[in-house]
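Working notes, structure below.
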Amino acid sequence: YTSIIRGVSVFFGIDLSVNFKQPMLARSFSDFWARWHISLSEWLRDYIFFPVRRWLSSKKPPSWLTLTIPPMITMAASGYWHGAYFSVISWGFLHGLFLTGEQILQRKGLLQKNGWLTRYFGVLVFIATTFAWILFSTPGLGAASRYLLGPSPHSPSTLRIFDFPDLVILATISLWMDKQEQKEDDLVFPRKWTRKKQAIGVGVLLAILLIVSTTGTDLSGFIYQGF
């Protein structure tokens with residue numbers, strides 16, 4: 001949606017900065033926050049994380065406090081900014097734990113540049129950040145718990161097996177587009193294609209719109225629509 005806003009702004013001669021940069025392809029938790037909501041992340045880094053860390057360093061506390069307190073306070077503030085209710089603040093604390101754990105692994109030398117853990121760490125980041133969205137998208141911890149526990153055995157299932165092909169197709173196309181955008185380092189990467197490839201791209205886009213419109217997919221519940 002920020003890509004749409006940036007594109008519309010160009011029509012009015014306004015060039016907005018990139019605010020999201022394929023965050024779900026992040027290789028680490030710190031990389032995720034360098035890609036996700038960049039304007040907010042940089043503000044939190046400059047006005048909360050660095051000042052808290054400098055203040056702690058001046059007091060010369062135990063090293064574990066200097067390691068854990070700055071990311072925990074920063075991410076709790078991020079959660080509070082997104083919503084002043086406990087589940088979203090817990091989402092912030094959880095990301096604080098993620099960042100703290102990553103720093104511990106780095107200090108122990110387990111996240112070396114060519115290490116095996118580093119190569120697969122991006123998968124863990126994707127799973128952990130996706131899990132954390134459950135807290136972000138629910139109005140309270142009770143609702144999050146009910147979601148995690150799943151429906152009651154006596155509840156009718158609404159899952160339809162024929163929904164999966166559409167989901168797989170759309171997810172695959174979306175992932176491919178993200179990879180291309182990252183590879184070309186260009187939000188409008190199709191403009192580098194030949195006319196023939198551009199025509200095929202328009203055809204694929206129309207097919208996607210047709211799939212979405214005929215499945216009755218409700219897009220009003222987009223997780224970040226409130227911002």
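Residues in the structure tokens are named by chain (A, B, ... in the order shown) and by number from 1 within that chain; ligands are numbered from 1 in the order shown.
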Within 10 Å of Leu40 in chain A, counting only C-alpha atoms, which residues qualify if same-chain residues fewer than 6 places away don't, as a PDB file with N, CA and C atoms, in the first residue's frame?
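The result, stored in selection15.pdb:
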```pdb
ATOM      1  N   ASN A  19       9.599   3.309   2.490  1.00  0.00           N
ATOM      2  CA  ASN A  19       9.318   3.074   3.910  1.00  0.00           C
ATOM      3  C   ASN A  19       9.267   1.588   4.262  1.00  0.00           C
ATOM      4  N   TRP A  33      14.065  -4.841  10.990  1.00  0.00           N
ATOM      5  CA  TRP A  33      13.683  -3.502  11.423  1.00  0.00           C
ATOM      6  C   TRP A  33      14.376  -2.412  10.631  1.00  0.00           C
ATOM      7  N   ALA A  34      15.384  -2.794   9.833  1.00  0.00           N
ATOM      8  CA  ALA A  34      15.965  -1.836   8.891  1.00  0.00           C
ATOM      9  C   ALA A  34      15.131  -1.763   7.612  1.00  0.00           C
ATOM     10  N   ASP A  46      17.122   6.503  16.749  1.00  0.00           N
ATOM     11  CA  ASP A  46      17.849   7.746  17.044  1.00  0.00           C
ATOM     12  C   ASP A  46      17.419   8.406  18.344  1.00  0.00           C
ATOM     13  N   SER A  78       7.672   0.960  20.479  1.00  0.00           N
ATOM     14  CA  SER A  78       7.115   0.695  19.146  1.00  0.00           C
ATOM     15  C   SER A  78       5.735   0.063  19.262  1.00  0.00           C
ATOM     16  N   TRP A  81       3.210   2.664  20.387  1.00  0.00           N
ATOM     17  CA  TRP A  81       2.877   3.583  19.286  1.00  0.00           C
ATOM     18  C   TRP A  81       1.818   2.969  18.378  1.00  0.00           C
TER      19      TRP A  81
END
```
Inset, instruction - Based on DSSP run over this structure's backbone, return all residues of range 2-68 of chain A in alpha helix (DSSP H), as a ChimeraX atom specification. - result: /A:2-11,29-35,38-44,50-59,63-68
Inset, instruction - Pick out the residues sitting within 10 Å of Leu141 in chain A, and hand them over as a ChimeraX atom specification; count only C-alpha atoms, and ignore anything fewer than 2 positions along from it in its own chain. - result: /A:85-88,90,134-136,138-139,143-147
Legend entry - Residue with smallest distance to Leu16 in chain A - pool A:Ser3, A:Gln182, A:Thr66, A:Asn114, counting only C-alpha atoms: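 Of the candidates, the smallest distance to Leu16 in chain A is held by A:Ser3.
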Legend entry - Residues within 6 Å of Trp36 in chain A, only C-alpha atoms, excluding chain neighbours under 3 positions, as a list in words: Phe20, Pro23, Phe32 and Trp33 of chain A
For the selection you just gave me, I'd like the residues written to a file as an mmCIF file, in the first residue's frame, keeping N, CA, C and O atoms.
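Written out: out.cif:
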```
data_model
loop_
_atom_site.group_PDB
_atom_site.id
_atom_site.type_symbol
_atom_site.label_atom_id
_atom_site.label_comp_id
_atom_site.auth_asym_id
_atom_site.auth_seq_id
_atom_site.Cartn_x
_atom_site.Cartn_y
_atom_site.Cartn_z
ATOM 1 N N PHE A 20 9.080 0.754 3.263
ATOM 2 C CA PHE A 20 9.123 -0.696 3.454
ATOM 3 C C PHE A 20 9.969 -1.281 2.328
ATOM 4 O O PHE A 20 9.785 -0.919 1.166
ATOM 5 N N PRO A 23 10.538 -6.482 3.856
ATOM 6 C CA PRO A 23 10.912 -6.882 5.220
ATOM 7 C C PRO A 23 10.822 -8.381 5.480
ATOM 8 O O PRO A 23 11.565 -8.909 6.307
ATOM 9 N N PHE A 32 15.354 -6.974 9.662
ATOM 10 C CA PHE A 32 13.911 -6.795 9.524
ATOM 11 C C PHE A 32 13.509 -5.367 9.876
ATOM 12 O O PHE A 32 12.745 -4.719 9.152
ATOM 13 N N TRP A 33 14.065 -4.841 10.990
ATOM 14 C CA TRP A 33 13.683 -3.502 11.423
ATOM 15 C C TRP A 33 14.376 -2.412 10.631
ATOM 16 O O TRP A 33 14.018 -1.239 10.723
#
```
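Close contacts of Val52 in chain A, defined as residues with an atom at most 9 Å away when counting only C-alpha atoms, with chain neighbours fewer than 4 positions off set aside, comprise Tyr47, Ile48, Leu56, Ser57, Thr66, Ile69, Pro70, Ile73 and Thr74 of chain A.
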Inset, instruction - Have a look at A:Phe98, A:Lys21, A:Lys60, A:Met75 and name the one nearest to Trp43 in chain A; count only C-alpha atoms. - result: A:Met75
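Relative to CA of Ser9 in chain A, CA of Gln198 in chain A is found at 22.9 Å.
Around Leu187 in chain A, within 12 Å and counting only C-alpha atoms, the residues found are Thr2, Ser3, Ile4, Arg6, Gly7, Ser17, Val18, Asn19, Phe20, Lys21, Gln22, Met177, Asp178, Lys179, Gln180, Glu181, Gln182, Lys183, Glu184, Asp185, Phe189, Pro190, Arg191 and Lys192 of chain A, once anything fewer than 2 positions away on its own chain is removed.
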Inset, instruction - Have a look at A:Val212, A:Leu149, A:Leu67, A:Leu25 and name the one nearest to Gln103 in chain A; count only C-alpha atoms. - result: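 Closest to Gln103 in chain A, using only C-alpha atoms: A:Leu67.
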Inset, instruction - For Ile89 in chain A, list every protein, DNA or RNA residue within 6 Å, evaluated using only C-alpha atoms, and leave out those in the same chain fewer than 2 positions away; present the list as a PyMOL selection string. - result: chain A and resi 76+79-80+86-87+91-92
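From CA of Asp31 in chain A back to CA of Thr172 in chain A, the distance works out to 22.6 Å.
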Legend entry - Counting only C-alpha atoms, the residue of A:Ser28, A:Thr118, A:Gln112, A:Ser174 that sits nearest Leu205 in chain A: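 Result for the nearest residue to Leu205 in chain A: A:Ser174.
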Inset, instruction - Using only C-alpha atoms, pick whichever of A:Val125, A:Phe12, A:Gly83, A:Phe50 has the shortest atom-to-atom distance to Ser30 in chain A. - result: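 Ranked by minimum distance to Ser30 in chain A, first place goes to A:Val125.
Nearest to Leu105 in chain A of all the residues A:Leu44, A:Leu124, A:Leu117, A:Ala171 is A:Leu117, counting only C-alpha atoms.
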Legend entry - Between CA of Trp64 in chain A and CA of Glu102 in chain A - distance in Å to one decimal: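 Going from CA of Glu102 in chain A over to CA of Trp64 in chain A, I get 13.3 Å.
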